[in-house]
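Chemist: Provided herewith: model_3.txt, compact mmCIF, C-alpha atoms.
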```
# COMPACT_ATOMS: atom_id res chain seq x y z
CA MET A 1 133.66 58.51 56.64
CA PRO A 2 134.67 61.21 59.17
CA ASP A 3 133.37 64.74 58.79
CA TRP A 4 136.69 66.62 58.92
CA GLN A 5 135.12 70.04 59.43
CA GLU A 6 133.10 68.76 62.39
CA GLN A 7 136.23 67.20 63.89
CA CYS A 8 138.16 70.46 63.45
CA ASP A 9 135.27 72.38 65.04
CA ARG A 10 135.16 69.94 67.96
CA MET A 11 138.90 70.33 68.53
CA ALA A 12 138.57 74.12 68.41
CA ILE A 13 135.81 74.04 71.04
CA ILE A 14 137.75 71.69 73.32
CA ASP A 15 140.75 74.03 72.97
CA LEU A 16 138.52 77.00 73.85
CA VAL A 17 137.50 75.25 77.08
CA ALA A 18 141.14 74.43 77.92
CA ARG A 19 142.19 78.05 77.30
CA TYR A 20 139.48 79.19 79.71
CA CYS A 21 141.00 76.94 82.39
CA ARG A 22 144.49 78.26 81.73
CA GLY A 23 143.26 81.84 81.78
CA CYS A 24 141.59 81.39 85.16
CA ASP A 25 144.43 79.42 86.73
CA ARG A 26 147.20 81.73 85.50
CA ARG A 27 145.07 84.83 86.21
CA ASP A 28 145.36 85.78 82.56
CA PHE A 29 142.09 87.66 82.44
CA ALA A 30 142.81 89.12 79.00
CA LEU A 31 142.88 85.55 77.70
CA VAL A 32 139.61 84.73 79.47
CA ARG A 33 137.94 87.81 77.96
CA SER A 34 139.10 86.89 74.46
CA LEU A 35 137.15 83.62 74.65
CA TYR A 36 133.69 85.22 74.91
CA HIS A 37 131.58 86.97 72.30
CA ASP A 38 130.73 90.53 73.37
CA ASP A 39 127.05 89.58 73.89
CA ALA A 40 127.83 86.40 75.85
CA VAL A 41 126.63 85.59 79.36
CA ASP A 42 128.59 83.82 82.08
CA ASP A 43 126.42 82.25 84.78
CA HIS A 44 128.25 81.23 87.94
CA GLY A 45 124.98 81.17 89.92
CA THR A 46 124.55 83.68 92.71
CA MET A 47 128.30 84.40 92.67
CA PHE A 48 128.13 86.07 89.26
CA ARG A 49 125.84 86.34 86.26
CA GLY A 50 126.54 88.81 83.50
CA GLY A 51 128.47 89.75 80.40
CA PRO A 52 132.13 89.03 79.65
CA ASP A 53 133.51 92.47 80.58
CA ALA A 54 131.80 92.38 83.98
CA PHE A 55 132.90 88.75 84.43
CA VAL A 56 136.55 89.62 83.82
CA GLU A 57 136.22 92.62 86.13
CA TRP A 58 134.80 90.31 88.85
CA LEU A 59 137.42 87.55 88.46
CA PRO A 60 140.34 89.21 90.33
CA GLU A 61 138.18 89.68 93.41
CA ALA A 62 136.75 86.17 93.12
CA MET A 63 140.23 84.66 92.76
CA ALA A 64 141.91 86.74 95.50
CA PRO A 65 141.25 84.23 98.32
CA TRP A 66 143.06 81.50 96.40
CA GLU A 67 146.82 81.04 96.33
CA LEU A 68 146.40 78.62 93.44
CA THR A 69 143.60 77.05 91.42
CA ILE A 70 143.48 74.13 89.02
CA HIS A 71 140.52 73.70 86.69
CA ALA A 72 140.72 70.19 85.21
CA ILE A 73 138.32 69.09 82.48
CA ALA A 74 137.35 65.42 82.28
CA ASN A 75 134.58 64.05 80.05
CA SER A 76 133.48 66.45 77.34
CA VAL A 77 130.48 66.14 75.07
CA VAL A 78 130.10 68.61 72.22
CA VAL A 79 127.19 68.73 69.77
CA ILE A 80 127.69 70.88 66.67
CA ASP A 81 125.04 72.26 64.34
CA GLY A 82 126.60 74.49 61.70
CA ASP A 83 127.91 77.65 63.39
CA ARG A 84 126.28 76.82 66.73
CA ALA A 85 127.26 74.19 69.27
CA GLU A 86 126.57 73.09 72.82
CA GLY A 87 128.86 71.34 75.27
CA GLU A 88 128.90 69.67 78.65
CA HIS A 89 132.28 69.39 80.37
CA LEU A 90 132.95 67.78 83.72
CA VAL A 91 135.22 70.02 85.79
CA ARG A 92 137.18 69.47 88.97
CA ALA A 93 138.01 72.95 90.19
CA TRP A 94 140.61 72.83 92.97
CA HIS A 95 141.12 75.98 95.05
CA CYS A 96 143.75 76.40 97.76
CA THR A 97 143.77 79.25 100.26
CA HIS A 98 146.90 81.22 101.13
CA PRO A 99 149.36 80.05 103.81
CA PRO A 100 150.07 79.59 106.61
CA GLU A 101 147.09 77.29 107.29
CA ARG A 102 145.97 76.40 103.81
CA THR A 103 142.64 74.74 103.04
CA GLU A 104 141.59 73.05 99.81
CA TYR A 105 138.13 73.63 98.35
CA ILE A 106 137.33 71.22 95.54
CA VAL A 107 134.29 71.67 93.35
CA HIS A 108 133.10 68.77 91.22
CA GLY A 109 130.73 70.11 88.63
CA ARG A 110 130.04 70.78 85.01
CA TYR A 111 130.19 73.60 82.54
CA LEU A 112 127.14 73.76 80.29
CA ASP A 113 128.07 75.86 77.29
CA ARG A 114 126.63 77.36 74.16
CA TYR A 115 129.12 78.38 71.49
CA GLU A 116 128.87 80.25 68.27
CA ARG A 117 131.30 80.54 65.40
CA ARG A 118 131.59 84.12 64.16
CA ASP A 119 134.15 85.32 61.65
CA GLY A 120 135.60 81.80 61.68
CA ALA A 121 136.24 81.68 65.47
CA TRP A 122 134.38 79.65 68.08
CA LYS A 123 133.68 81.52 71.33
CA PHE A 124 131.41 81.21 74.33
CA LEU A 125 127.90 82.57 73.91
CA HIS A 126 126.70 81.25 77.27
CA ARG A 127 128.59 79.44 80.04
CA GLN A 128 126.88 77.99 83.11
CA LEU A 129 128.59 76.42 86.11
CA VAL A 130 126.69 73.49 87.64
CA PHE A 131 127.70 72.30 91.13
CA ASP A 132 127.47 68.52 91.60
CA HIS A 133 129.65 67.84 94.65
CA GLY A 134 132.33 69.44 96.79
CA GLU A 135 135.08 68.73 99.30
CA VAL A 136 136.85 70.89 101.89
CA ARG A 137 140.00 69.73 103.66
CA ALA A 138 143.09 71.05 105.40
CA VAL A 139 146.39 70.88 103.52
CA ASP A 140 148.99 68.53 104.98
CA GLU A 141 151.87 71.04 104.75
CA ASP A 142 154.57 68.49 105.64
CA ALA A 143 153.41 66.09 102.95
CA MET A 144 153.21 68.89 100.36
CA ALA A 145 156.75 70.03 101.22
CA LYS A 146 158.07 66.49 100.71
CA LEU A 147 156.10 65.84 97.51
CA GLY A 148 157.11 69.13 95.92
CA ALA A 149 160.70 69.33 97.12
CA GLU A 150 162.25 68.41 93.76
CA ALA A 151 159.91 70.18 91.32
CA SER A 152 159.11 73.68 90.19
CA HIS A 153 156.09 75.07 91.98
CA GLY A 154 153.04 76.39 90.21
CA ARG A 155 151.88 79.95 90.78
CA ALA A 156 148.77 81.86 89.85
CA ASP A 157 150.70 84.88 88.57
CA GLY A 158 153.32 85.76 85.97
CA ASP A 159 156.00 83.92 87.94
CA ASP A 160 154.49 80.55 87.05
CA PRO A 161 157.00 78.45 85.07
CA SER A 162 154.64 78.29 82.07
CA TRP A 163 155.13 82.00 81.37
CA ALA A 164 158.72 81.19 80.28
CA PHE A 165 157.21 79.33 77.31
CA LYS A 166 156.78 82.05 74.67
CA LEU A 167 153.95 80.38 72.77
CA LEU A 168 151.91 79.74 75.93
CA ALA A 169 152.61 83.24 77.20
CA GLY A 170 151.40 84.61 73.89
CA LEU A 171 147.92 83.12 74.25
CA SER A 172 146.52 86.26 75.84
CA ARG A 173 147.58 88.19 72.75
CA ALA A 174 146.05 85.66 70.38
CA PRO A 175 142.94 86.74 68.43
```
Can you give me the file's structure in the form of structure tokens?
Modeler:
Amino acid sequence: MPDWQEQCDRMAIIDLVARYCRGCDRRDFALVRSLYHDDAVDDHGTMFRGGPDAFVEWLPEAMAPWELTIHAIANSVVVIDGDRAEGEHLVRAWHCTHPPERTEYIVHGRYLDRYERRDGAWKFLHRQLVFDHGEVRAVDEDAMAKLGAEASHGRADGDDPSWAFKLLAGLSRAP
């Protein structure tokens, strides 16, 4: 028989991880900050290690070289023990520099997380980025122009098409 509370907790944690990706990719740093407990630690190796306020203060500078990023989560494993949990999530973090000669930097890695439920909400207590593999390549601008000719184009700022969706746009105001 399924443990419904554990399944609800697992879904909440997976949603937390997805919101982190959206917050980074849409440069919604208020959303990112809302996902961490005040005493949490984010560990991005020598790039950054510290608390959530310092992390959110560092993010604009860290993201400035990138025209666009996409953080895609693949396999996720979450282990829950009451109000504490741990997770391992495979991430493919795609970063593209600004034009005119764009370059893609693709990180294949994992997030190793510790979560805690406080006041009924799951948040990060500790997040560690683990690098497993990477790729660097030039963007084929002609191919990108052809592939994207008929679609809306993603942006890292408030002009991204997703901000027109009121519920998505409201995530940064969510508790």
Chemist: Report the centre and edge lengths, in Å to one decimal, of an axis-aligned box enclosing every atom of segment 94-97 of chain A listed in the file, padded by 8 Å on each side, as AutoDock Vina command-line options.
Modeler:
```
--center_x 142.2 --center_y 76.0 --center_z 96.6 --size_x 19.2 --size_y 22.4 --size_z 23.3
```
Chemist: Please provide the set of residues having any atom within 12 Å of segment 159-169 of chain A, restricted to all atoms listed in the file, with same-chain residues fewer than 5 positions apart removed, written as a list in words.
Modeler: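 Counting all atoms listed in the file, the residues come to Arg19, Arg22, Gly23, Asp25, Arg26, Arg27, Asp28, Ala30, Leu31, Leu68, Ala151, Ser152, His153, Gly154 and Ala174 of chain A.
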Chemist: Tyr111 of chain A: which residues within 9 Å, counting only C-alpha atoms, same-chain residues fewer than 4 positions away excluded, as an NGL selection string?
Modeler: :A and (87-91 or 127-130)
Chemist: Save the residues we just selected, C-alpha atoms, as a PDB file, in the frame of the given file?
Modeler:
```
ATOM      1  CA  GLY A  87     128.860  71.340  75.270  1.00  0.00           C
ATOM      2  CA  GLU A  88     128.900  69.670  78.650  1.00  0.00           C
ATOM      3  CA  HIS A  89     132.280  69.390  80.370  1.00  0.00           C
ATOM      4  CA  LEU A  90     132.950  67.780  83.720  1.00  0.00           C
ATOM      5  CA  VAL A  91     135.220  70.020  85.790  1.00  0.00           C
ATOM      6  CA  ARG A 127     128.590  79.440  80.040  1.00  0.00           C
ATOM      7  CA  GLN A 128     126.880  77.990  83.110  1.00  0.00           C
ATOM      8  CA  LEU A 129     128.590  76.420  86.110  1.00  0.00           C
ATOM      9  CA  VAL A 130     126.690  73.490  87.640  1.00  0.00           C
TER      10      VAL A 130
END
```
Chemist: Tell me, in Å to one decimal, how far atom CA of Thr46 of chain A is from atom CA of Ile70 of chain A.
Modeler: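 Taking atom CA of Thr46 of chain A as the start and atom CA of Ile70 of chain A as the end point, the length is 21.5 Å.
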Chemist: Around the point (136.6, 72.8, 65.6) (coordinates from the file), which residues reach within 10 Å if we count only C-alpha atoms? Answer as an MDAnalysis selection string.
Modeler: chainID A and resid 4:16 80 117 120:122
Chemist: Which residue, A:Lys146, A:Tyr36, A:Val136, A:Glu67, has the smallest gap to Pro100 of chain A when you use only C-alpha atoms?
Modeler: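 Of A:Lys146, A:Tyr36, A:Val136, A:Glu67, the one nearest Pro100 of chain A, counting only C-alpha atoms, is A:Glu67.
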Chemist: May I ask for the distance between atom CA of His126 of chain A and atom CA of Asp3 of chain A, given in Å to one decimal place?
Modeler: 25.7 Å
Chemist: I need the residue nearest Thr69 of chain A from this list: A:Glu104, A:Val17, A:Met144, A:His95. Use only C-alpha atoms for the distance.
Modeler: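 Ranking A:Glu104, A:Val17, A:Met144, A:His95 by distance to Thr69 of chain A, first place goes to A:His95.
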Chemist: Measuring between all atoms listed in the file, which one of A:Ala138, A:Cys24, A:Val78, A:Ala156 shows the shortest distance to Pro99 of chain A?
Modeler: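 For Pro99 of chain A, the nearest of the candidates is A:Ala138.
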